[in-house]
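All remarks here apply to the structure that follows.
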Amino acid sequence: MRIAFTGSHRVGKTSLAEAGTELLPHYHFIEEPYLQLEAKGYLFPEIPTAEDYLAQFRHSLQQIANSSEDIIFDRCPLDLLAYIYVTGKDKNIQMYYQEMLAAMEQIDLLVFVPIETPDRILCQDTDLPRLRQEVDDLLQEWIGDLDNEIITISGTLTERIQEVHNKIQAIL
């Protein structure tokens, strides 16, 4: 099974995705494209641009295309496209949207980690809270366009892990 975690920044995606590898120790964890590209020498500015998110989007598409079964993805084309849309001056993303939909067809379970109310994770001004909220709003809108098995999770990390575990057990 291919599992992807999606959500805006500072919502606990990575912590949850890493915990997923403890639930499923035979699964391979794929770091988010930002970290992989940075390790390869890509120089990101302090505040990434639409072009930086596009590089991550392309990398994410390749991750999915080249993946086998039993994978956990920390981020996916869905959330990266939301960042492209929110940060880009050119809002014509139809071609990218179709690429995202095609890639997402290969995901068996999408775990959406939204911003909760009240917010569980403090987001300082340096963490771009407006960008975070706009991406979250867009993801909540776009998720309805997907045919994937989707779980929207909330609660403490322990509660979130349990929700994901229960969903995986129900699918398997």
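Chain lettering (A, B, ...) mirrors the order of the structure tokens, residue numbering begins at 1 for each chain separately, and ligand numbering begins at 1 in order of display.
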May I have the residues within 10 Å of Ile161 of chain A as a PyMOL selection string, using only C-alpha atoms and disregarding those fewer than 5 positions away in the same chain? chain A and resi 15-17+19-20+22-23+153-156+166-167
Dump of N, CA and C atoms for the selected residues, as a compact mmCIF listing (two decimals), in the first residue's frame:
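selection36.txt, written as the output of this step:
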# COMPACT_ATOMS: atom_id res chain seq x y z
N SER A 15 5.84 14.24 11.89
CA SER A 15 5.82 13.44 13.13
C SER A 15 4.89 12.25 12.97
N LEU A 16 3.74 12.49 12.38
CA LEU A 16 2.77 11.42 12.18
C LEU A 16 3.26 10.41 11.15
N ALA A 17 3.83 10.90 10.05
CA ALA A 17 4.33 9.99 9.00
C ALA A 17 5.45 9.11 9.56
N ALA A 19 5.83 8.28 12.67
CA ALA A 19 5.18 7.32 13.58
C ALA A 19 4.54 6.18 12.79
N GLY A 20 4.11 6.48 11.57
CA GLY A 20 3.54 5.43 10.72
C GLY A 20 4.52 4.33 10.41
N GLU A 22 6.60 3.21 12.48
CA GLU A 22 6.62 2.33 13.66
C GLU A 22 5.44 1.36 13.62
N LEU A 23 4.30 1.83 13.11
CA LEU A 23 3.14 0.96 12.95
C LEU A 23 3.38 -0.07 11.86
N ILE A 153 -7.49 13.53 9.95
CA ILE A 153 -7.20 13.18 11.33
C ILE A 153 -7.11 14.43 12.20
N SER A 154 -7.29 14.19 13.50
CA SER A 154 -7.20 15.29 14.46
C SER A 154 -6.82 14.70 15.82
N GLY A 155 -6.54 15.58 16.75
CA GLY A 155 -6.25 15.15 18.10
C GLY A 155 -4.77 15.18 18.42
N THR A 156 -4.42 14.58 19.52
CA THR A 156 -3.03 14.49 19.94
C THR A 156 -2.29 13.55 18.99
N ASN A 166 -6.14 2.49 12.80
CA ASN A 166 -7.47 1.91 12.60
C ASN A 166 -7.87 1.92 11.14
N LYS A 167 -7.55 2.99 10.43
CA LYS A 167 -7.91 3.08 9.01
C LYS A 167 -7.14 2.06 8.18
Once DSSP has gone over the backbone, tell me which residues of chain A are in strand (DSSP E or B), as a ChimeraX atom specification. /A:2-6,28-30,71-74,109-112,149-152
Go ahead and save the picked residues with C-alpha atoms, as a compact mmCIF listing (two decimals), in the first residue's frame.
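So selection_24.txt came out as:
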# COMPACT_ATOMS: atom_id res chain seq x y z
CA ARG A 2 1.14 3.54 -0.78
CA ILE A 3 0.28 6.02 1.96
CA ALA A 4 0.72 9.78 1.55
CA PHE A 5 0.49 12.43 4.24
CA THR A 6 -0.77 15.83 3.16
CA HIS A 28 9.80 2.53 3.43
CA PHE A 29 9.59 6.17 4.57
CA ILE A 30 10.12 8.78 1.83
CA ILE A 71 5.71 3.27 0.97
CA ILE A 72 4.93 6.18 3.28
CA PHE A 73 5.28 9.61 1.64
CA ASP A 74 5.79 12.69 3.78
CA LEU A 109 -4.48 6.04 1.39
CA LEU A 110 -4.28 9.80 1.77
CA VAL A 111 -3.89 11.05 5.33
CA PHE A 112 -4.96 14.69 5.57
CA GLU A 149 -9.32 6.49 0.29
CA ILE A 150 -8.92 9.54 2.57
CA ILE A 151 -8.76 10.01 6.30
CA THR A 152 -8.81 13.43 7.93
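Residue nearest Asn148 of chain A, chosen from A:Asp108, A:Leu78, A:Met100, A:Glu38 and counting only C-alpha atoms: A:Asp108.
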Can you pull out every residue within 10 Å of segment 41-57 of chain A, counting only C-alpha atoms, but drop anything in the same chain fewer than 5 positions away, and send it as a PyMOL selection string? chain A and resi 32-36+62-63+75-90+96+99-100+126-128
DSSP helix (DSSP H, G or I) residues within segment 21-164 of chain A, listed as a ChimeraX atom specification: /A:21-23,33-39,50-65,77-87,94-104,125-127,129-145,157-164
